[in-house]
Amino acid sequence: MLAPSVSVLALAVVLICAVVRPFRLPEAVFAVPAAGAVLAVGAVTPEAVREETERLGPVIGFLAAVLVLAKLCDDEGLFHACGTWMARWSRRRPQRLLGAVFVLASLITAALSLDATVVLLTPVVFATAARMGARPGPHAYASAHLSNTASLLLPVSNLTNLLAFTATGLGFTRFALLMLLPWLTATAVEYGLFRRFFARDLAAAAIPTDPPAPVAVPLFALLTVAGTLGGFALASATGVDPAWAAAAGAAVLAVRALVRRRTTPRALVASAAPPFLAFVLALGIVVRAVVDNGLGTALAHVLPDGTSLPALLGVAAVAAILANLINNLPATLALVPLAAASGPGAVLAVLLGVNIGPNLTYAGSLATLLWRRIAHEHDHPVGLGEFTRLGLLTVPATLTAATVALWASLQLLGV
C-alpha cells in the first residue's frame with residue numbers, strides 16, 4: 001500500500017510545484033527528489049528507471065537541441081522580423097493581425113516546437129499589438145492556444161509528439177502526412193471560433209501609427225531551419241535518430257554565433273534549459289511508478305480499442321480529460337503504451353487529446369503555464385473565467401473536428 005500512495009503523492013507534488021513554482025525554483029528541484037522517493041520505497045524498480053532513461057534519453061537530447069536552435073534563431077533576428085511582418089501586413093486592422101499571428105504561430109510551433117512560440121513569439125505578439133494600438137487579448141490568447149493546437153503536425157513540434165513518435169512505428173514523413181489534415185482542420189476551426197469569441201475586441205479601432213520600417217529577413221537562420229527539417233525526414237528514412245539532425249542545425253548556428261561573438265558557450269548551455277531536461281526525466285520516472293501501481297490498469301479499462309471513428313473520438317476524449325487532470329506530459333507517458341496496442345491511429349488520437357485538450361485549463365500543459373507567466377510580465381492579467389470560457393468554446397469543437405480529420409486521413413492514406 002505504501003508504494004501506490006507514495007507514487008500518487010510524488011506526482012501531485014511535482015505537478016503542483018510545476019504550476020506554483022514556490023520561490024521561483026526550477027521544476028527539477030521538486031521532481032528529482034520525487035523520483036528518488038518512488039525509487040527508494042520500491043514503487044519503481046531500478047530496471048524500470050533504466051528503461052525510462054533509455055526511452056527518454058534521445059527525446060531529451062532532441063529537446064535540448066531544438067531549444068538551442070530556437071534561441072539562436074531569435075538571436076539572428078528571426079522573431080523580430082516576424083513581428084515587423086505582422087505589423088506591416090496587418091495595416092492597423094486587428095482582424096488581419098489575428099490572421100498573421102495564427103499563420104506565424106502555427107508555422108513556428110510546427111517547425112521549432114511550441115516552446116519557441118510561447119517563449120519567443122509571445123513577447124513579439126504583445127509588442128506588435130501595442131505598436132498598433134490594438135487590444136492584445138485575442139492575439140496573446142492565440143499564441144497560447146496555438147502553442148498546443150498547432151503542435152500536431154510534426155514529431156518535433158511538441159515533447160508529447162516526441163514521446164509518442166517511436167510508439168507509432170511511423171516514419172517522420174508518414175507521421176506528418178497523417179497529421180496534416182488534422183493540423184489544418186484544428187487551426188481553421190480555432191481561428192473561426194476566435195473571430196467569434198473576440199469579435200468586440202477585433203472590431204475596436206486601432207490607434208493609427210506609422211508602420212515599422214522593413215527589416216532584413218535572416219536568411220541564414222531560415223535556411224538552417226529548412227535544412228534541419230529536411231534532415232529530420234532524411235534521418236527518419238535512414239533509421240538515424242532525429243536528435244542528430246536537430247543537433248546539426250543547432251551546431252551550424254552555434255558556430256556562426258560563436259565566431260561572430262554573439263554568444264558564449266555558457267549561454268548555449270543555458271539555452272538548452274538543463275533544469276527542465278532533468279525535470280522531464282524525473283517526471284517520466286514518477287509517472288512510470290504511478291502507472292505500475294494501478295493507473296495503467298485503470299486506464300486500460302476506460303481506453304477504447306481499435307481505430308474506428310467512435311474509438312478514436314473516445315481515445316482523444318480520454319486523453320484530453322487526463323491531460324487536464326494530471327498535465328499532458330504525464331498523460332502521454334501513461335496512455336501511449338496502452339494505445340499502441342491498437343496501432344498508430346490510436347496513438348495519434350492520444351496526441352490530439354493531449355495537445356488540444358490542455359487549452360481548457362491552466363494546468364493542462366507546461367506551455368500554458370509558461371505563457372501565463374509571460375502574459376503577467378507584459379502587464380496582461382489572464383482571467384480564469386475568460387480563459388475557461390474560451391477553452392469550453394474551442395476545445396470540444398476543435399478536438400472533434402481534428403479527430404474526424406484524423407480518421408479521414410487514416411482511411412485515405414492507411415498506416
# chains A, B, ... in the order shown; residues from 1 in each chain; ligands from 1
$ residues_around --residues "segment 181-192 of chain A" --least-positions-apart "2" --cutoff "7 Å" --atoms "only C-alpha atoms" --output "mmCIF file with all heavy atoms, in the first residue's frame"
data_model
loop_
_atom_site.group_PDB
_atom_site.id
_atom_site.type_symbol
_atom_site.label_atom_id
_atom_site.label_comp_id
_atom_site.auth_asym_id
_atom_site.auth_seq_id
_atom_site.Cartn_x
_atom_site.Cartn_y
_atom_site.Cartn_z
ATOM 1 N N THR A 149 -2.411 23.605 -29.956
ATOM 2 C CA THR A 149 -3.155 23.069 -31.098
ATOM 3 C C THR A 149 -2.276 22.863 -32.319
ATOM 4 O O THR A 149 -2.384 21.840 -33.011
ATOM 5 C CB THR A 149 -4.313 24.016 -31.455
ATOM 6 O OG1 THR A 149 -5.183 24.146 -30.329
ATOM 7 C CG2 THR A 149 -5.107 23.493 -32.638
ATOM 8 N N ALA A 150 -1.405 23.823 -32.627
ATOM 9 C CA ALA A 150 -0.607 23.743 -33.851
ATOM 10 C C ALA A 150 0.597 22.830 -33.717
ATOM 11 O O ALA A 150 1.398 22.721 -34.649
ATOM 12 C CB ALA A 150 -0.163 25.144 -34.270
ATOM 13 N N LEU A 152 0.485 19.685 -33.634
ATOM 14 C CA LEU A 152 0.084 18.354 -34.090
ATOM 15 C C LEU A 152 0.896 17.856 -35.281
ATOM 16 O O LEU A 152 0.979 16.656 -35.514
ATOM 17 C CB LEU A 152 -1.398 18.368 -34.496
ATOM 18 C CG LEU A 152 -2.434 18.710 -33.428
ATOM 19 C CD1 LEU A 152 -3.814 18.861 -34.068
ATOM 20 C CD2 LEU A 152 -2.459 17.647 -32.348
ATOM 21 N N LEU A 153 1.493 18.753 -36.059
ATOM 22 C CA LEU A 153 1.938 18.408 -37.406
ATOM 23 C C LEU A 153 3.131 17.459 -37.451
ATOM 24 O O LEU A 153 3.095 16.456 -38.173
ATOM 25 C CB LEU A 153 2.260 19.682 -38.185
ATOM 26 C CG LEU A 153 2.700 19.477 -39.641
ATOM 27 C CD1 LEU A 153 1.612 18.765 -40.432
ATOM 28 C CD2 LEU A 153 3.060 20.803 -40.284
ATOM 29 N N LEU A 178 -0.075 12.054 -42.176
ATOM 30 C CA LEU A 178 -1.295 11.668 -41.467
ATOM 31 C C LEU A 178 -1.831 12.793 -40.588
ATOM 32 O O LEU A 178 -3.037 12.920 -40.395
ATOM 33 C CB LEU A 178 -1.035 10.428 -40.609
ATOM 34 C CG LEU A 178 -0.895 9.104 -41.353
ATOM 35 C CD1 LEU A 178 -0.414 8.005 -40.417
ATOM 36 C CD2 LEU A 178 -2.212 8.702 -42.019
ATOM 37 N N MET A 179 -0.938 13.621 -40.076
ATOM 38 C CA MET A 179 -1.365 14.694 -39.182
ATOM 39 C C MET A 179 -1.613 16.013 -39.898
ATOM 40 O O MET A 179 -2.080 16.977 -39.272
ATOM 41 C CB MET A 179 -0.313 14.892 -38.090
ATOM 42 C CG MET A 179 -0.190 13.724 -37.131
ATOM 43 S SD MET A 179 -1.723 13.395 -36.209
ATOM 44 C CE MET A 179 -1.378 14.275 -34.684
ATOM 45 N N PHE A 194 -12.148 31.876 -32.617
ATOM 46 C CA PHE A 194 -11.511 33.081 -32.062
ATOM 47 C C PHE A 194 -12.163 34.338 -32.621
ATOM 48 O O PHE A 194 -12.392 35.310 -31.888
ATOM 49 C CB PHE A 194 -10.013 33.077 -32.389
ATOM 50 C CG PHE A 194 -9.145 32.604 -31.251
ATOM 51 C CD1 PHE A 194 -9.211 31.285 -30.811
ATOM 52 C CD2 PHE A 194 -8.257 33.447 -30.627
ATOM 53 C CE1 PHE A 194 -8.412 30.840 -29.767
ATOM 54 C CE2 PHE A 194 -7.453 33.023 -29.581
ATOM 55 C CZ PHE A 194 -7.539 31.718 -29.147
ATOM 56 N N ARG A 195 -12.438 34.338 -33.923
ATOM 57 C CA ARG A 195 -13.095 35.512 -34.524
ATOM 58 C C ARG A 195 -14.446 35.768 -33.876
ATOM 59 O O ARG A 195 -14.839 36.922 -33.666
ATOM 60 C CB ARG A 195 -13.280 35.284 -36.034
ATOM 61 C CG ARG A 195 -12.002 35.336 -36.853
ATOM 62 C CD ARG A 195 -11.421 36.743 -36.924
ATOM 63 N NE ARG A 195 -12.349 37.673 -37.546
ATOM 64 C CZ ARG A 195 -12.318 37.998 -38.835
ATOM 65 N NH1 ARG A 195 -11.403 37.452 -39.643
ATOM 66 N NH2 ARG A 195 -13.167 38.869 -39.336
ATOM 67 N N ARG A 196 -15.137 34.703 -33.506
ATOM 68 C CA ARG A 196 -16.445 34.852 -32.862
ATOM 69 C C ARG A 196 -16.293 35.303 -31.411
ATOM 70 O O ARG A 196 -16.980 36.226 -30.961
ATOM 71 C CB ARG A 196 -17.192 33.523 -32.926
ATOM 72 C CG ARG A 196 -18.505 33.511 -32.154
ATOM 73 C CD ARG A 196 -19.121 32.128 -32.188
ATOM 74 N NE ARG A 196 -20.297 32.033 -31.308
ATOM 75 C CZ ARG A 196 -20.960 30.912 -31.070
ATOM 76 N NH1 ARG A 196 -20.596 29.781 -31.652
ATOM 77 N NH2 ARG A 196 -22.001 30.918 -30.261
ATOM 78 N N THR A 394 -13.678 26.389 -27.601
ATOM 79 C CA THR A 394 -12.783 25.917 -28.656
ATOM 80 C C THR A 394 -12.403 24.442 -28.549
ATOM 81 O O THR A 394 -12.333 23.748 -29.575
ATOM 82 C CB THR A 394 -11.493 26.751 -28.666
ATOM 83 O OG1 THR A 394 -10.841 26.645 -27.381
ATOM 84 C CG2 THR A 394 -11.790 28.209 -28.958
ATOM 85 N N THR A 398 -12.803 21.879 -31.638
ATOM 86 C CA THR A 398 -11.536 21.659 -32.321
ATOM 87 C C THR A 398 -11.100 20.205 -32.221
ATOM 88 O O THR A 398 -10.649 19.604 -33.207
ATOM 89 C CB THR A 398 -10.449 22.571 -31.722
ATOM 90 O OG1 THR A 398 -10.870 23.933 -31.803
ATOM 91 C CG2 THR A 398 -9.137 22.422 -32.465
ATOM 92 N N ALA A 401 -13.384 17.984 -34.495
ATOM 93 C CA ALA A 401 -13.084 18.172 -35.915
ATOM 94 C C ALA A 401 -11.737 17.554 -36.271
ATOM 95 O O ALA A 401 -11.592 16.912 -37.325
ATOM 96 C CB ALA A 401 -13.092 19.664 -36.247
ATOM 97 N N ALA A 402 -10.735 17.737 -35.420
ATOM 98 C CA ALA A 402 -9.416 17.182 -35.703
ATOM 99 C C ALA A 402 -9.442 15.653 -35.688
ATOM 100 O O ALA A 402 -8.754 15.008 -36.497
ATOM 101 C CB ALA A 402 -8.400 17.706 -34.692
ATOM 102 N N THR A 403 -10.217 15.067 -34.796
ATOM 103 C CA THR A 403 -10.295 13.608 -34.722
ATOM 104 C C THR A 403 -10.989 13.042 -35.958
ATOM 105 O O THR A 403 -10.563 12.009 -36.507
ATOM 106 C CB THR A 403 -11.034 13.167 -33.449
ATOM 107 O OG1 THR A 403 -10.423 13.765 -32.307
ATOM 108 C CG2 THR A 403 -10.988 11.661 -33.296
ATOM 109 N N ALA A 405 -10.930 14.447 -38.831
ATOM 110 C CA ALA A 405 -9.930 14.624 -39.885
ATOM 111 C C ALA A 405 -8.864 13.534 -39.817
ATOM 112 O O ALA A 405 -8.393 13.042 -40.856
ATOM 113 C CB ALA A 405 -9.293 16.010 -39.765
ATOM 114 N N LEU A 406 -8.469 13.140 -38.605
ATOM 115 C CA LEU A 406 -7.501 12.044 -38.470
ATOM 116 C C LEU A 406 -8.081 10.749 -39.008
ATOM 117 O O LEU A 406 -7.402 10.012 -39.735
ATOM 118 C CB LEU A 406 -7.113 11.879 -36.998
ATOM 119 C CG LEU A 406 -6.252 10.644 -36.678
ATOM 120 C CD1 LEU A 406 -4.909 10.716 -37.395
ATOM 121 C CD2 LEU A 406 -6.053 10.504 -35.164
ATOM 122 N N SER A 409 -7.896 10.852 -42.665
ATOM 123 C CA SER A 409 -6.527 10.645 -43.144
ATOM 124 C C SER A 409 -6.158 9.164 -43.114
ATOM 125 O O SER A 409 -5.508 8.634 -44.031
ATOM 126 C CB SER A 409 -5.548 11.444 -42.292
ATOM 127 O OG SER A 409 -5.688 12.825 -42.507
#
$ residues_around --residues "Arg91 of chain A" --least-positions-apart "3" --cutoff "12 Å" --atoms "only C-alpha atoms" --output "number ranges by chain"
A: 84-88, 94-98, 100, 128-129, 131-134, 205-212
$ closest_residue --among "A:Leu313, A:Ala300, A:Ala237, A:Ile326" --to "Thr173 of chain A" --atoms "only C-alpha atoms"
A:Ala237
$ atom_distance --atom1 "atom CA of Glu386 of chain A" --atom2 "atom CA of Arg372 of chain A"
13.0 Å
$ residues_around --residues "Thr117 of chain A" --least-positions-apart "6" --cutoff "10 Å" --atoms "only C-alpha atoms" --output "compact mmCIF listing (two decimals) with C-alpha atoms, in the first residue's frame"
# COMPACT_ATOMS: atom_id res chain seq x y z
CA ALA A 70 15.19 28.32 -31.41
CA PHE A 79 11.36 36.65 -34.40
CA LEU A 104 3.18 32.53 -37.81
CA ALA A 105 2.37 30.75 -34.54
CA SER A 106 1.25 27.64 -36.45
CA LEU A 107 4.40 27.53 -38.57
CA ILE A 108 6.79 28.32 -35.73
CA THR A 109 5.15 25.77 -33.43
CA ALA A 110 5.33 23.09 -36.12
CA PRO A 123 6.60 38.80 -26.41
CA VAL A 124 6.74 39.81 -30.09
CA VAL A 125 2.95 39.50 -30.32
CA SER A 143 -0.18 32.33 -29.21
CA ALA A 144 -1.17 30.29 -26.13
CA LEU A 146 -1.66 27.56 -31.00
CA SER A 147 1.37 26.51 -28.99
CA ASN A 148 -0.79 23.50 -28.15
CA ALA A 367 3.48 25.63 -22.16
CA TRP A 371 2.62 31.57 -21.34
$ closest_residue --among "A:Pro136, A:Pro214, A:Gly36, A:Pro58" --to "Gly83 of chain A" --atoms "only C-alpha atoms"
A:Pro214
